[in-house]
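Participant: Sharing input14.cif (mmCIF, C-alpha atoms and all ligand atoms) below.
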data_final
#
loop_
_atom_site.group_PDB
_atom_site.id
_atom_site.type_symbol
_atom_site.label_atom_id
_atom_site.label_comp_id
_atom_site.auth_asym_id
_atom_site.auth_seq_id
_atom_site.Cartn_x
_atom_site.Cartn_y
_atom_site.Cartn_z
ATOM 1 C CA MET A 10 49.206 -25.434 46.870
ATOM 2 C CA ASN A 11 49.380 -23.468 43.665
ATOM 3 C CA GLU A 12 47.677 -24.536 40.473
ATOM 4 C CA PHE A 13 50.908 -25.635 38.830
ATOM 5 C CA ARG A 14 51.910 -28.003 41.580
ATOM 6 C CA LEU A 15 48.386 -29.374 41.661
ATOM 7 C CA ILE A 16 48.333 -30.132 37.943
ATOM 8 C CA ARG A 17 51.844 -31.566 38.021
ATOM 9 C CA ASP A 18 51.339 -33.687 41.098
ATOM 10 C CA TYR A 19 48.019 -35.188 40.297
ATOM 11 C CA PHE A 20 47.517 -35.043 36.579
ATOM 12 C CA THR A 21 50.876 -34.929 34.780
ATOM 13 C CA GLU A 22 52.940 -37.558 36.464
ATOM 14 C CA ASN A 23 49.910 -39.778 36.685
ATOM 15 C CA SER A 24 48.898 -39.937 33.059
ATOM 16 C CA PHE A 25 48.545 -42.615 30.388
ATOM 17 C CA SER A 26 50.447 -41.663 27.215
ATOM 18 C CA ARG A 27 49.700 -42.165 23.544
ATOM 19 C CA LYS A 28 52.013 -41.909 20.542
ATOM 20 C CA ASP A 29 49.756 -39.372 18.789
ATOM 21 C CA VAL A 30 50.261 -36.784 21.551
ATOM 22 C CA LEU A 31 53.263 -34.616 20.690
ATOM 23 C CA ILE A 32 52.769 -32.207 23.577
ATOM 24 C CA GLY A 33 50.373 -33.001 26.404
ATOM 25 C CA VAL A 34 49.808 -31.308 29.769
ATOM 26 C CA GLY A 35 52.450 -28.725 30.674
ATOM 27 C CA ASP A 36 52.695 -26.277 27.775
ATOM 28 C CA ASP A 37 50.256 -23.576 26.720
ATOM 29 C CA ALA A 38 48.290 -25.956 24.551
ATOM 30 C CA ALA A 39 48.363 -29.624 23.655
ATOM 31 C CA ILE A 40 49.550 -30.689 20.205
ATOM 32 C CA THR A 41 48.125 -33.919 18.865
ATOM 33 C CA GLN A 42 48.157 -35.759 15.585
ATOM 34 C CA VAL A 43 44.841 -36.706 14.029
ATOM 35 C CA ALA A 44 45.008 -40.164 12.469
ATOM 36 C CA GLN A 45 45.125 -39.996 8.672
ATOM 37 C CA GLY A 46 41.804 -40.307 6.910
ATOM 38 C CA GLN A 47 39.793 -40.028 10.121
ATOM 39 C CA TYR A 48 37.413 -37.411 11.400
ATOM 40 C CA LEU A 49 37.746 -35.979 14.893
ATOM 41 C CA ALA A 50 34.717 -36.179 17.205
ATOM 42 C CA THR A 51 34.604 -33.768 20.164
ATOM 43 C CA THR A 52 32.180 -33.654 23.089
ATOM 44 C CA THR A 53 32.004 -31.853 26.448
ATOM 45 C CA ASP A 54 30.048 -32.601 29.591
ATOM 46 C CA THR A 55 30.002 -30.904 32.969
ATOM 47 C CA LEU A 56 29.147 -32.619 36.246
ATOM 48 C CA LEU A 57 28.102 -30.196 38.952
ATOM 49 C CA GLU A 58 27.758 -31.188 42.590
ATOM 50 C CA GLY A 59 24.126 -31.166 43.660
ATOM 51 C CA VAL A 60 22.924 -31.287 40.055
ATOM 52 C CA HIS A 61 24.645 -34.275 38.414
ATOM 53 C CA PHE A 62 25.857 -36.024 41.532
ATOM 54 C CA LEU A 63 24.808 -35.892 45.164
ATOM 55 C CA LYS A 64 26.903 -34.099 47.760
ATOM 56 C CA GLY A 65 29.163 -36.663 49.422
ATOM 57 C CA THR A 66 29.627 -38.812 46.278
ATOM 58 C CA SER A 67 33.056 -40.480 46.348
ATOM 59 C CA PRO A 68 35.859 -38.950 44.238
ATOM 60 C CA GLU A 69 36.202 -42.326 42.476
ATOM 61 C CA ALA A 70 32.553 -42.297 41.402
ATOM 62 C CA ILE A 71 32.791 -38.666 40.255
ATOM 63 C CA ALA A 72 35.936 -39.350 38.190
ATOM 64 C CA HIS A 73 34.370 -42.458 36.664
ATOM 65 C CA LYS A 74 31.136 -40.754 35.742
ATOM 66 C CA ALA A 75 32.843 -37.641 34.361
ATOM 67 C CA ILE A 76 34.793 -39.795 31.915
ATOM 68 C CA ALA A 77 32.016 -42.316 31.250
ATOM 69 C CA VAL A 78 29.405 -39.746 30.201
ATOM 70 C CA ASN A 79 31.819 -38.220 27.697
ATOM 71 C CA LEU A 80 33.008 -41.530 26.256
ATOM 72 C CA SER A 81 29.366 -42.562 26.007
ATOM 73 C CA ASP A 82 28.686 -39.546 23.777
ATOM 74 C CA LEU A 83 31.644 -40.502 21.566
ATOM 75 C CA ALA A 84 30.370 -44.108 21.437
ATOM 76 C CA ALA A 85 26.974 -42.844 20.286
ATOM 77 C CA MET A 86 28.717 -41.235 17.283
ATOM 78 C CA GLY A 87 30.706 -44.396 16.498
ATOM 79 C CA ALA A 88 33.957 -42.714 17.558
ATOM 80 C CA GLU A 89 36.888 -44.372 19.278
ATOM 81 C CA PRO A 90 38.141 -42.179 22.151
ATOM 82 C CA SER A 91 41.672 -40.799 22.075
ATOM 83 C CA TRP A 92 42.140 -37.720 24.283
ATOM 84 C CA ILE A 93 40.480 -35.905 27.152
ATOM 85 C CA SER A 94 40.903 -32.471 28.752
ATOM 86 C CA LEU A 95 39.822 -31.787 32.287
ATOM 87 C CA SER A 96 38.622 -28.603 33.916
ATOM 88 C CA LEU A 97 38.252 -28.956 37.633
ATOM 89 C CA SER A 98 36.633 -26.524 40.021
ATOM 90 C CA LEU A 99 37.393 -27.345 43.661
ATOM 91 C CA PRO A 100 36.276 -25.618 46.865
ATOM 92 C CA ALA A 101 39.671 -26.406 48.464
ATOM 93 C CA VAL A 102 42.784 -28.455 47.772
ATOM 94 C CA ASP A 103 42.141 -31.778 49.481
ATOM 95 C CA ASP A 104 45.013 -34.187 48.901
ATOM 96 C CA GLU A 105 43.062 -37.270 49.831
ATOM 97 C CA TRP A 106 40.214 -36.347 47.464
ATOM 98 C CA LEU A 107 42.596 -35.430 44.630
ATOM 99 C CA GLY A 108 44.613 -38.614 45.087
ATOM 100 C CA ALA A 109 41.520 -40.808 44.865
ATOM 101 C CA PHE A 110 40.073 -38.791 41.956
ATOM 102 C CA SER A 111 43.283 -38.819 39.909
ATOM 103 C CA ASN A 112 43.935 -42.531 40.544
ATOM 104 C CA LYS A 113 40.496 -43.418 39.211
ATOM 105 C CA LEU A 114 41.024 -41.066 36.290
ATOM 106 C CA LYS A 115 44.300 -42.801 35.509
ATOM 107 C CA ALA A 116 42.800 -46.289 35.746
ATOM 108 C CA LEU A 117 39.999 -45.374 33.339
ATOM 109 C CA THR A 118 42.167 -43.525 30.855
ATOM 110 C CA GLU A 119 44.458 -46.557 30.741
ATOM 111 C CA TYR A 120 41.528 -48.920 30.314
ATOM 112 C CA PHE A 121 40.205 -46.956 27.338
ATOM 113 C CA SER A 122 43.696 -45.990 25.981
ATOM 114 C CA VAL A 123 42.858 -42.321 26.324
ATOM 115 C CA GLN A 124 45.377 -39.623 27.231
ATOM 116 C CA LEU A 125 44.713 -36.600 29.402
ATOM 117 C CA ILE A 126 46.182 -33.804 27.277
ATOM 118 C CA GLY A 127 45.256 -30.663 29.134
ATOM 119 C CA GLY A 128 43.352 -29.088 31.902
ATOM 120 C CA ASP A 129 42.647 -26.231 34.183
ATOM 121 C CA THR A 130 41.899 -25.907 37.871
ATOM 122 C CA VAL A 131 39.996 -23.151 39.634
ATOM 123 C CA LYS A 132 38.716 -22.560 43.133
ATOM 124 C CA GLY A 133 34.938 -22.749 43.359
ATOM 125 C CA GLN A 134 31.968 -25.058 43.730
ATOM 126 C CA LEU A 135 32.869 -28.710 43.045
ATOM 127 C CA SER A 136 32.435 -29.207 39.308
ATOM 128 C CA ILE A 137 34.152 -31.344 36.688
ATOM 129 C CA THR A 138 34.147 -30.578 32.989
ATOM 130 C CA ILE A 139 35.682 -33.056 30.591
ATOM 131 C CA THR A 140 36.145 -32.614 26.882
ATOM 132 C CA ALA A 141 36.682 -35.919 25.107
ATOM 133 C CA GLN A 142 37.872 -36.449 21.556
ATOM 134 C CA GLY A 143 38.020 -39.485 19.364
ATOM 135 C CA PHE A 144 38.312 -40.754 15.809
ATOM 136 C CA VAL A 145 35.712 -41.996 13.420
ATOM 137 C CA PRO A 146 36.287 -42.930 9.775
ATOM 138 C CA PRO A 147 34.258 -41.087 7.114
ATOM 139 C CA GLU A 148 31.085 -42.978 6.119
ATOM 140 C CA SER A 149 31.050 -44.546 9.605
ATOM 141 C CA ILE A 150 29.640 -41.671 11.653
ATOM 142 C CA LEU A 151 26.546 -42.561 13.651
ATOM 143 C CA THR A 152 23.949 -39.824 14.017
ATOM 144 C CA ARG A 153 20.384 -39.464 15.270
ATOM 145 C CA SER A 154 18.995 -38.559 11.914
ATOM 146 C CA HIS A 155 18.933 -41.528 9.557
ATOM 147 C CA ALA A 156 16.414 -43.939 11.104
ATOM 148 C CA LYS A 157 13.979 -45.265 8.473
ATOM 149 C CA PRO A 158 10.490 -46.732 8.846
ATOM 150 C CA GLY A 159 10.848 -50.502 9.264
ATOM 151 C CA ASP A 160 14.201 -50.325 11.087
ATOM 152 C CA TRP A 161 14.361 -52.266 14.342
ATOM 153 C CA ILE A 162 14.925 -50.349 17.582
ATOM 154 C CA PHE A 163 17.546 -51.827 19.886
ATOM 155 C CA VAL A 164 19.157 -50.998 23.232
ATOM 156 C CA THR A 165 22.321 -52.311 24.882
ATOM 157 C CA GLY A 166 22.355 -53.577 28.474
ATOM 158 C CA THR A 167 19.450 -53.036 30.859
ATOM 159 C CA LEU A 168 17.470 -49.861 31.551
ATOM 160 C CA GLY A 169 16.328 -48.166 34.749
ATOM 161 C CA ASP A 170 19.120 -49.379 37.023
ATOM 162 C CA ALA A 171 20.849 -46.005 37.368
ATOM 163 C CA ALA A 172 17.565 -44.235 38.133
ATOM 164 C CA ALA A 173 16.718 -46.879 40.733
ATOM 165 C CA GLY A 174 20.213 -46.433 42.201
ATOM 166 C CA LEU A 175 19.688 -42.677 42.479
ATOM 167 C CA ALA A 176 16.248 -43.172 44.057
ATOM 168 C CA LEU A 177 17.864 -45.516 46.612
ATOM 169 C CA LEU A 178 20.559 -42.946 47.424
ATOM 170 C CA LYS A 179 17.870 -40.280 47.897
ATOM 171 C CA ASN A 180 15.774 -42.621 50.079
ATOM 172 C CA GLU A 181 12.922 -42.417 47.587
ATOM 173 C CA LEU A 182 13.060 -46.165 47.024
ATOM 174 C CA MET A 183 13.524 -48.912 49.609
ATOM 175 C CA ILE A 184 15.000 -52.305 48.775
ATOM 176 C CA GLU A 185 15.782 -54.804 51.535
ATOM 177 C CA ASP A 186 18.292 -56.911 49.625
ATOM 178 C CA LYS A 187 21.784 -55.432 50.083
ATOM 179 C CA ALA A 188 23.292 -57.054 46.984
ATOM 180 C CA ALA A 189 20.514 -55.600 44.793
ATOM 181 C CA ARG A 190 20.896 -52.199 46.455
ATOM 182 C CA ASP A 191 24.656 -52.222 45.837
ATOM 183 C CA TYR A 192 24.208 -53.325 42.238
ATOM 184 C CA LEU A 193 21.745 -50.525 41.468
ATOM 185 C CA THR A 194 23.702 -47.754 43.209
ATOM 186 C CA ASP A 195 26.833 -48.965 41.392
ATOM 187 C CA ARG A 196 24.999 -48.668 38.070
ATOM 188 C CA HIS A 197 24.235 -45.071 39.041
ATOM 189 C CA HIS A 198 27.814 -44.258 40.076
ATOM 190 C CA TYR A 199 29.721 -46.372 37.557
ATOM 191 C CA PRO A 200 27.895 -46.442 34.212
ATOM 192 C CA THR A 201 29.588 -48.392 31.408
ATOM 193 C CA PRO A 202 30.291 -46.313 28.304
ATOM 194 C CA ARG A 203 29.472 -48.625 25.362
ATOM 195 C CA VAL A 204 32.572 -47.735 23.380
ATOM 196 C CA LEU A 205 32.972 -51.122 21.682
ATOM 197 C CA ALA A 206 29.263 -51.309 20.855
ATOM 198 C CA GLY A 207 29.491 -47.853 19.251
ATOM 199 C CA THR A 208 32.344 -48.787 16.923
ATOM 200 C CA THR A 209 30.677 -52.137 16.162
ATOM 201 C CA LEU A 210 27.568 -50.277 14.971
ATOM 202 C CA ARG A 211 29.492 -48.302 12.328
ATOM 203 C CA ARG A 212 27.936 -48.892 8.899
ATOM 204 C CA ILE A 213 25.291 -51.087 10.565
ATOM 205 C CA ALA A 214 23.048 -48.758 12.582
ATOM 206 C CA THR A 215 21.017 -46.072 10.804
ATOM 207 C CA SER A 216 20.803 -43.941 13.961
ATOM 208 C CA CYS A 217 22.252 -44.021 17.458
ATOM 209 C CA ILE A 218 22.084 -42.041 20.700
ATOM 210 C CA ASP A 219 23.219 -42.726 24.234
ATOM 211 C CA ILE A 220 20.514 -42.822 26.883
ATOM 212 C CA SER A 221 21.377 -39.998 29.254
ATOM 213 C CA ASP A 222 17.977 -38.395 29.785
ATOM 214 C CA GLY A 223 15.728 -41.470 29.706
ATOM 215 C CA LEU A 224 14.651 -43.896 26.976
ATOM 216 C CA LEU A 225 11.518 -42.014 25.893
ATOM 217 C CA GLN A 226 13.184 -38.634 25.743
ATOM 218 C CA ASP A 227 16.225 -39.928 23.886
ATOM 219 C CA LEU A 228 14.042 -41.933 21.485
ATOM 220 C CA GLU A 229 12.174 -38.699 20.843
ATOM 221 C CA HIS A 230 15.481 -37.127 19.764
ATOM 222 C CA ILE A 231 15.942 -39.888 17.163
ATOM 223 C CA VAL A 232 12.303 -39.703 16.068
ATOM 224 C CA SER A 233 12.427 -35.956 15.579
ATOM 225 C CA ALA A 234 15.894 -35.825 13.953
ATOM 226 C CA SER A 235 14.989 -38.674 11.585
ATOM 227 C CA GLU A 236 11.424 -37.422 10.940
ATOM 228 C CA VAL A 237 9.936 -40.811 11.746
ATOM 229 C CA GLY A 238 7.774 -42.414 14.454
ATOM 230 C CA ALA A 239 8.295 -45.378 16.750
ATOM 231 C CA LEU A 240 6.394 -48.338 18.116
ATOM 232 C CA LEU A 241 7.800 -49.395 21.469
ATOM 233 C CA HIS A 242 6.982 -52.716 23.147
ATOM 234 C CA LEU A 243 7.375 -51.959 26.847
ATOM 235 C CA ASP A 244 7.276 -55.648 27.766
ATOM 236 C CA LYS A 245 10.439 -56.149 25.670
ATOM 237 C CA ILE A 246 12.486 -53.532 27.546
ATOM 238 C CA PRO A 247 15.441 -55.252 29.228
ATOM 239 C CA ILE A 248 15.159 -54.928 33.008
ATOM 240 C CA SER A 249 17.875 -56.271 35.281
ATOM 241 C CA LYS A 250 17.001 -59.012 37.725
ATOM 242 C CA GLU A 251 17.914 -56.604 40.555
ATOM 243 C CA LEU A 252 15.421 -54.006 39.341
ATOM 244 C CA GLY A 253 12.711 -56.451 38.250
ATOM 245 C CA THR A 254 12.784 -58.545 41.408
ATOM 246 C CA HIS A 255 12.965 -55.758 43.928
ATOM 247 C CA VAL A 256 10.749 -53.063 42.433
ATOM 248 C CA ASN A 257 7.713 -55.243 42.473
ATOM 249 C CA ASP A 258 5.081 -53.422 40.507
ATOM 250 C CA LEU A 259 5.655 -53.508 36.784
ATOM 251 C CA GLU A 260 4.625 -49.914 36.121
ATOM 252 C CA SER A 261 7.216 -48.540 38.591
ATOM 253 C CA ALA A 262 9.991 -50.642 37.056
ATOM 254 C CA LEU A 263 8.941 -49.618 33.536
ATOM 255 C CA LYS A 264 8.755 -45.983 34.539
ATOM 256 C CA LEU A 265 12.335 -46.109 35.833
ATOM 257 C CA ALA A 266 13.404 -47.871 32.640
ATOM 258 C CA CYS A 267 11.587 -45.435 30.326
ATOM 259 C CA THR A 268 12.027 -42.094 32.052
ATOM 260 C CA GLY A 269 15.009 -42.549 34.386
ATOM 261 C CA GLY A 270 18.178 -41.003 33.068
ATOM 262 C CA ASP A 271 21.853 -41.846 33.410
ATOM 263 C CA ASP A 272 21.842 -45.405 32.031
ATOM 264 C CA TYR A 273 24.348 -44.524 29.286
ATOM 265 C CA GLU A 274 23.247 -47.484 27.220
ATOM 266 C CA LEU A 275 23.066 -47.065 23.446
ATOM 267 C CA LEU A 276 19.697 -46.762 21.722
ATOM 268 C CA PHE A 277 19.985 -47.454 18.006
ATOM 269 C CA THR A 278 18.097 -48.456 14.884
ATOM 270 C CA VAL A 279 19.078 -51.225 12.500
ATOM 271 C CA PRO A 280 17.575 -52.102 9.121
ATOM 272 C CA GLU A 281 16.324 -55.658 8.654
ATOM 273 C CA GLU A 282 19.242 -56.540 6.339
ATOM 274 C CA HIS A 283 21.805 -55.754 9.058
ATOM 275 C CA ARG A 284 19.939 -57.205 12.018
ATOM 276 C CA VAL A 285 21.532 -60.660 12.087
ATOM 277 C CA SER A 286 25.083 -59.442 11.462
ATOM 278 C CA MET A 287 24.657 -56.836 14.226
ATOM 279 C CA GLU A 288 23.367 -59.433 16.701
ATOM 280 C CA THR A 289 26.199 -61.815 15.789
ATOM 281 C CA ALA A 290 28.851 -59.103 16.205
ATOM 282 C CA MET A 291 27.424 -57.946 19.533
ATOM 283 C CA SER A 292 27.193 -61.470 20.919
ATOM 284 C CA SER A 293 30.775 -62.214 19.872
ATOM 285 C CA TYR A 294 31.809 -59.268 22.076
ATOM 286 C CA ASN A 295 29.450 -60.375 24.850
ATOM 287 C CA LEU A 296 27.430 -57.164 24.503
ATOM 288 C CA PRO A 297 23.781 -57.770 25.343
ATOM 289 C CA VAL A 298 21.340 -56.079 22.953
ATOM 290 C CA THR A 299 17.550 -56.233 22.923
ATOM 291 C CA CYS A 300 15.037 -55.337 20.218
ATOM 292 C CA ILE A 301 12.362 -53.160 21.855
ATOM 293 C CA GLY A 302 10.371 -51.923 18.880
ATOM 294 C CA GLN A 303 10.315 -50.663 15.338
ATOM 295 C CA VAL A 304 10.600 -47.352 13.521
ATOM 296 C CA THR A 305 7.325 -46.260 11.883
ATOM 297 C CA GLY A 306 6.281 -43.617 9.395
ATOM 298 C CA ALA A 307 4.028 -41.888 11.952
ATOM 299 C CA GLN A 308 6.133 -38.756 12.098
ATOM 300 C CA GLY A 309 6.893 -37.541 15.614
ATOM 301 C CA LYS A 310 4.687 -40.170 17.267
ATOM 302 C CA ILE A 311 5.905 -42.737 19.805
ATOM 303 C CA ASP A 312 3.328 -45.505 20.362
ATOM 304 C CA LEU A 313 3.725 -47.422 23.591
ATOM 305 C CA ARG A 314 2.404 -50.986 23.789
ATOM 306 C CA LEU A 315 2.319 -53.373 26.702
ATOM 307 C CA ASN A 316 1.639 -56.985 25.655
ATOM 308 C CA ASP A 317 0.318 -55.604 22.353
ATOM 309 C CA SER A 318 -2.201 -53.271 24.029
ATOM 310 C CA PRO A 319 -1.836 -49.466 23.942
ATOM 311 C CA PHE A 320 -0.306 -48.171 27.148
ATOM 312 C CA SER A 321 0.432 -44.823 28.718
ATOM 313 C CA PHE A 322 2.058 -43.945 31.981
ATOM 314 C CA VAL A 323 -0.091 -42.397 34.706
ATOM 315 C CA SER A 324 1.949 -39.232 34.516
ATOM 316 C CA VAL A 325 2.870 -38.687 30.882
ATOM 317 C CA SER A 326 4.759 -35.496 31.673
ATOM 318 C CA GLU A 327 7.573 -37.505 33.227
ATOM 319 C CA LYS A 328 9.323 -38.298 29.990
ATOM 320 C CA GLY A 329 12.789 -37.991 31.415
ATOM 321 C CA TYR A 330 15.316 -35.672 32.890
ATOM 322 C CA GLN A 331 14.759 -31.992 32.106
ATOM 323 C CA HIS A 332 17.828 -29.801 32.337
ATOM 324 C CA PHE A 333 16.026 -26.474 32.639
HETATM 325 MG MG MG B 401 24.420 -38.042 24.354
#
Take the structure from the file and write it as structure tokens.

Facilitator:
Amino acid sequence: MNEFRLIRDYFTENSFSRKDVLIGVGDDAAITQVAQGQYLATTTDTLLEGVHFLKGTSPEAIAHKAIAVNLSDLAAMGAEPSWISLSLSLPAVDDEWLGAFSNKLKALTEYFSVQLIGGDTVKGQLSITITAQGFVPPESILTRSHAKPGDWIFVTGTLGDAAAGLALLKNELMIEDKAARDYLTDRHHYPTPRVLAGTTLRRIATSCIDISDGLLQDLEHIVSASEVGALLHLDKIPISKELGTHVNDLESALKLACTGGDDYELLFTVPEEHRVSMETAMSSYNLPVTCIGQVTGAQGKIDLRLNDSPFSFVSVSEKGYQHF
């Protein structure tokens, strides 16, 4: 199959469409209209087989994750997603794989009202690069750099599930209960980009980041960009019942929650005066959020406490996922 038939068959006739796309897939470049008075947010992420997903991962899980990680980055900036471009490197044209991949892609783009506006395919090692774009009004952009001492530190959802799921898939963790195993591996394969939480935090949060590399490492990004410190209450970290019940020593569960990557929850800071309105807004959308600590003036320092006593992990070097 040539590249043109591949793009047409799987990605053109199978695409969600938006009114602000004048020309999508099929010409030399896409032409889109940026909503008036809005800024355009752009992010790119690559998923490489053997690095970001295990060999043998289903095409559905790969498509989901490729989109989710990008939309999660937009959410962390307070942006509402609009368009994606896809660059796909495939070892061979496999119709069954492409059918499953493109169907999942279509389902997700429809769910988030995002249009695929361009792409490229090459022959090579299995790898998926997605560029996602979205809109954010001026004055509403969320960044890592405006946390202030006294702000409360919050996270969405639960932490550590994706890392536990990966450990299960790699046989580094054993859990008897099948339902718990399925839940955790699903959290690894199908993370939820917190798009609605991100837009809800506009003008409320002073800083925001999505947790891709692990809570401690991503909190360090906020701490260093904002030139502040943080006090983290480990006993407050939200742990799912599946993780808490089946990883029975507390330190192992906390380690997964603090240093495991790939949760794609939002980590954000909120000043006292916005705390109640944030919690009310999040609960009206059924988005669970948990306060896990407070921003301090101790520049660059993250203090860990467990039940109000100082705590450090046995291996402090394992702060999170290192890319290089
Ligand atoms: Mg990010």

Participant: Quick one: pull the distance between CA of Met86 (chain A) and CA of Leu117 (chain A), Å, one decimal.

Facilitator: 20.1 Å

Participant: Enter the distance from CA of Thr299 (chain A) to CA of Gly169 (chain A), in Å, rounded to one decimal.

Facilitator: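 Separation between CA of Thr299 (chain A) and CA of Gly169 (chain A): 14.4 Å.
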
Participant: Could you tell me which of A:Thr53, A:Gln134, A:Ser149, A:Ser111 comes closest to ligand MG 401 (chain B) if we count only C-alpha atoms and all ligand atoms?

Facilitator: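 The closest residue to ligand MG 401 (chain B) is A:Thr53.
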
Participant: What's the 9 Å shell around Gly166 (chain A), counting only C-alpha atoms, without same-chain residues fewer than 4 positions away, as a list in words?

Facilitator: Pro247, Ile248, Ser249, Asp272, Glu274, Leu275, Leu296, Pro297, Val298 and Thr299 of chain A

Participant: For ligand MG 401 (chain B), return the neighbouring residues as a PyMOL selection string (distance at most 12 Å; all atoms listed in the file).

Facilitator: chain A and resi 51-54+77-87+151-153+202-203+217-224+226-228+230-231+270-276

Participant: Counting only C-alpha atoms, which of A:Asp312, A:Asp18, A:Asp317, A:Glu105 gets nearest to Glu229 (chain A)?

Facilitator: A:Asp312

Participant: Expand the PyMOL selection byres (((chain A and resi 288) around 12) and not hetatm) into the explicit residue set it covers here, and present it as a ChimeraX atom specification.

Facilitator: /A:161,163-165,206,209-210,213-214,279,281-287,289-300

Participant: Written as a ChimeraX atom specification, which residues does the PyMOL selection byres (((chain A and resi 121) around 12) and not hetatm) give for the file shown?

Facilitator: /A:25-27,73,76-77,80-81,84,89-93,114-120,122-125,141,143,201-205

Participant: Quick one: write out the picked residues with C-alpha atoms as a PDB file, in the frame of the given file?

Facilitator:
ATOM      1  CA  PHE A  25      48.545 -42.615  30.388  1.00  0.00           C
ATOM      2  CA  SER A  26      50.447 -41.663  27.215  1.00  0.00           C
ATOM      3  CA  ARG A  27      49.700 -42.165  23.544  1.00  0.00           C
ATOM      4  CA  HIS A  73      34.370 -42.458  36.664  1.00  0.00           C
ATOM      5  CA  ILE A  76      34.793 -39.795  31.915  1.00  0.00           C
ATOM      6  CA  ALA A  77      32.016 -42.316  31.250  1.00  0.00           C
ATOM      7  CA  LEU A  80      33.008 -41.530  26.256  1.00  0.00           C
ATOM      8  CA  SER A  81      29.366 -42.562  26.007  1.00  0.00           C
ATOM      9  CA  ALA A  84      30.370 -44.108  21.437  1.00  0.00           C
ATOM     10  CA  GLU A  89      36.888 -44.372  19.278  1.00  0.00           C
ATOM     11  CA  PRO A  90      38.141 -42.179  22.151  1.00  0.00           C
ATOM     12  CA  SER A  91      41.672 -40.799  22.075  1.00  0.00           C
ATOM     13  CA  TRP A  92      42.140 -37.720  24.283  1.00  0.00           C
ATOM     14  CA  ILE A  93      40.480 -35.905  27.152  1.00  0.00           C
ATOM     15  CA  LEU A 114      41.024 -41.066  36.290  1.00  0.00           C
ATOM     16  CA  LYS A 115      44.300 -42.801  35.509  1.00  0.00           C
ATOM     17  CA  ALA A 116      42.800 -46.289  35.746  1.00  0.00           C
ATOM     18  CA  LEU A 117      39.999 -45.374  33.339  1.00  0.00           C
ATOM     19  CA  THR A 118      42.167 -43.525  30.855  1.00  0.00           C
ATOM     20  CA  GLU A 119      44.458 -46.557  30.741  1.00  0.00           C
ATOM     21  CA  TYR A 120      41.528 -48.920  30.314  1.00  0.00           C
ATOM     22  CA  SER A 122      43.696 -45.990  25.981  1.00  0.00           C
ATOM     23  CA  VAL A 123      42.858 -42.321  26.324  1.00  0.00           C
ATOM     24  CA  GLN A 124      45.377 -39.623  27.231  1.00  0.00           C
ATOM     25  CA  LEU A 125      44.713 -36.600  29.402  1.00  0.00           C
ATOM     26  CA  ALA A 141      36.682 -35.919  25.107  1.00  0.00           C
ATOM     27  CA  GLY A 143      38.020 -39.485  19.364  1.00  0.00           C
ATOM     28  CA  THR A 201      29.588 -48.392  31.408  1.00  0.00           C
ATOM     29  CA  PRO A 202      30.291 -46.313  28.304  1.00  0.00           C
ATOM     30  CA  ARG A 203      29.472 -48.625  25.362  1.00  0.00           C
ATOM     31  CA  VAL A 204      32.572 -47.735  23.380  1.00  0.00           C
ATOM     32  CA  LEU A 205      32.972 -51.122  21.682  1.00  0.00           C
TER      33      LEU A 205
END

Participant: Quick one: everything within 8 Å of region 255-267 of chain A, counting all atoms listed in the file, minus sequence neighbours fewer than 4 positions away in the same chain. Send it as an mmCIF file with C-alpha atoms, keeping the file's coordinate frame.

Facilitator:
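Done, and the output landed in selection-v1.cif:
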data_model
loop_
_atom_site.group_PDB
_atom_site.id
_atom_site.type_symbol
_atom_site.label_atom_id
_atom_site.label_comp_id
_atom_site.auth_asym_id
_atom_site.auth_seq_id
_atom_site.Cartn_x
_atom_site.Cartn_y
_atom_site.Cartn_z
ATOM 1 C CA LEU A 168 17.470 -49.861 31.551
ATOM 2 C CA GLY A 169 16.328 -48.166 34.749
ATOM 3 C CA ASP A 170 19.120 -49.379 37.023
ATOM 4 C CA ALA A 172 17.565 -44.235 38.133
ATOM 5 C CA ALA A 173 16.718 -46.879 40.733
ATOM 6 C CA ILE A 184 15.000 -52.305 48.775
ATOM 7 C CA ASP A 186 18.292 -56.911 49.625
ATOM 8 C CA ALA A 189 20.514 -55.600 44.793
ATOM 9 C CA GLY A 223 15.728 -41.470 29.706
ATOM 10 C CA LEU A 224 14.651 -43.896 26.976
ATOM 11 C CA LEU A 225 11.518 -42.014 25.893
ATOM 12 C CA LEU A 243 7.375 -51.959 26.847
ATOM 13 C CA ILE A 246 12.486 -53.532 27.546
ATOM 14 C CA ILE A 248 15.159 -54.928 33.008
ATOM 15 C CA GLU A 251 17.914 -56.604 40.555
ATOM 16 C CA PHE A 322 2.058 -43.945 31.981
ATOM 17 C CA LYS A 328 9.323 -38.298 29.990
ATOM 18 C CA GLY A 329 12.789 -37.991 31.415
#

Participant: When distances are computed from all atoms listed in the file, which of A:Thr194, A:Phe62, A:Asp244, A:Ile301 shows the smallest separation from Ser318 (chain A)?

Facilitator: A:Asp244

Participant: Compare A:Leu240, A:Ala176, A:Leu107, A:Ile126 by their minimum atom-to-atom distance to Asp29 (chain A), counting all atoms listed in the file, and give me the closest one.

Facilitator: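 The closest residue to Asp29 (chain A) is A:Ile126.
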
Participant: Spell out the residues picked by the PyMOL selection byres (((chain A and resi 34-42) around 12) and not hetatm) here, as a ChimeraX atom specification.

Facilitator: /A:12-33,43-49,91-95,124-129,142-144

Participant: In Å, how far is it from CA of Val60 (chain A) to CA of Thr268 (chain A)?

Facilitator: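 Separation between CA of Val60 (chain A) and CA of Thr268 (chain A): 17.3 Å.
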
Participant: Rank A:Gly108, A:Pro158, A:Gly253, A:Gly269 by their smallest atom-to-atom distance to Val304 (chain A), using all atoms listed in the file, and report the top residue only.

Facilitator: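 Once distances to Val304 (chain A) are computed over all atoms listed in the file, the minimum belongs to A:Pro158.
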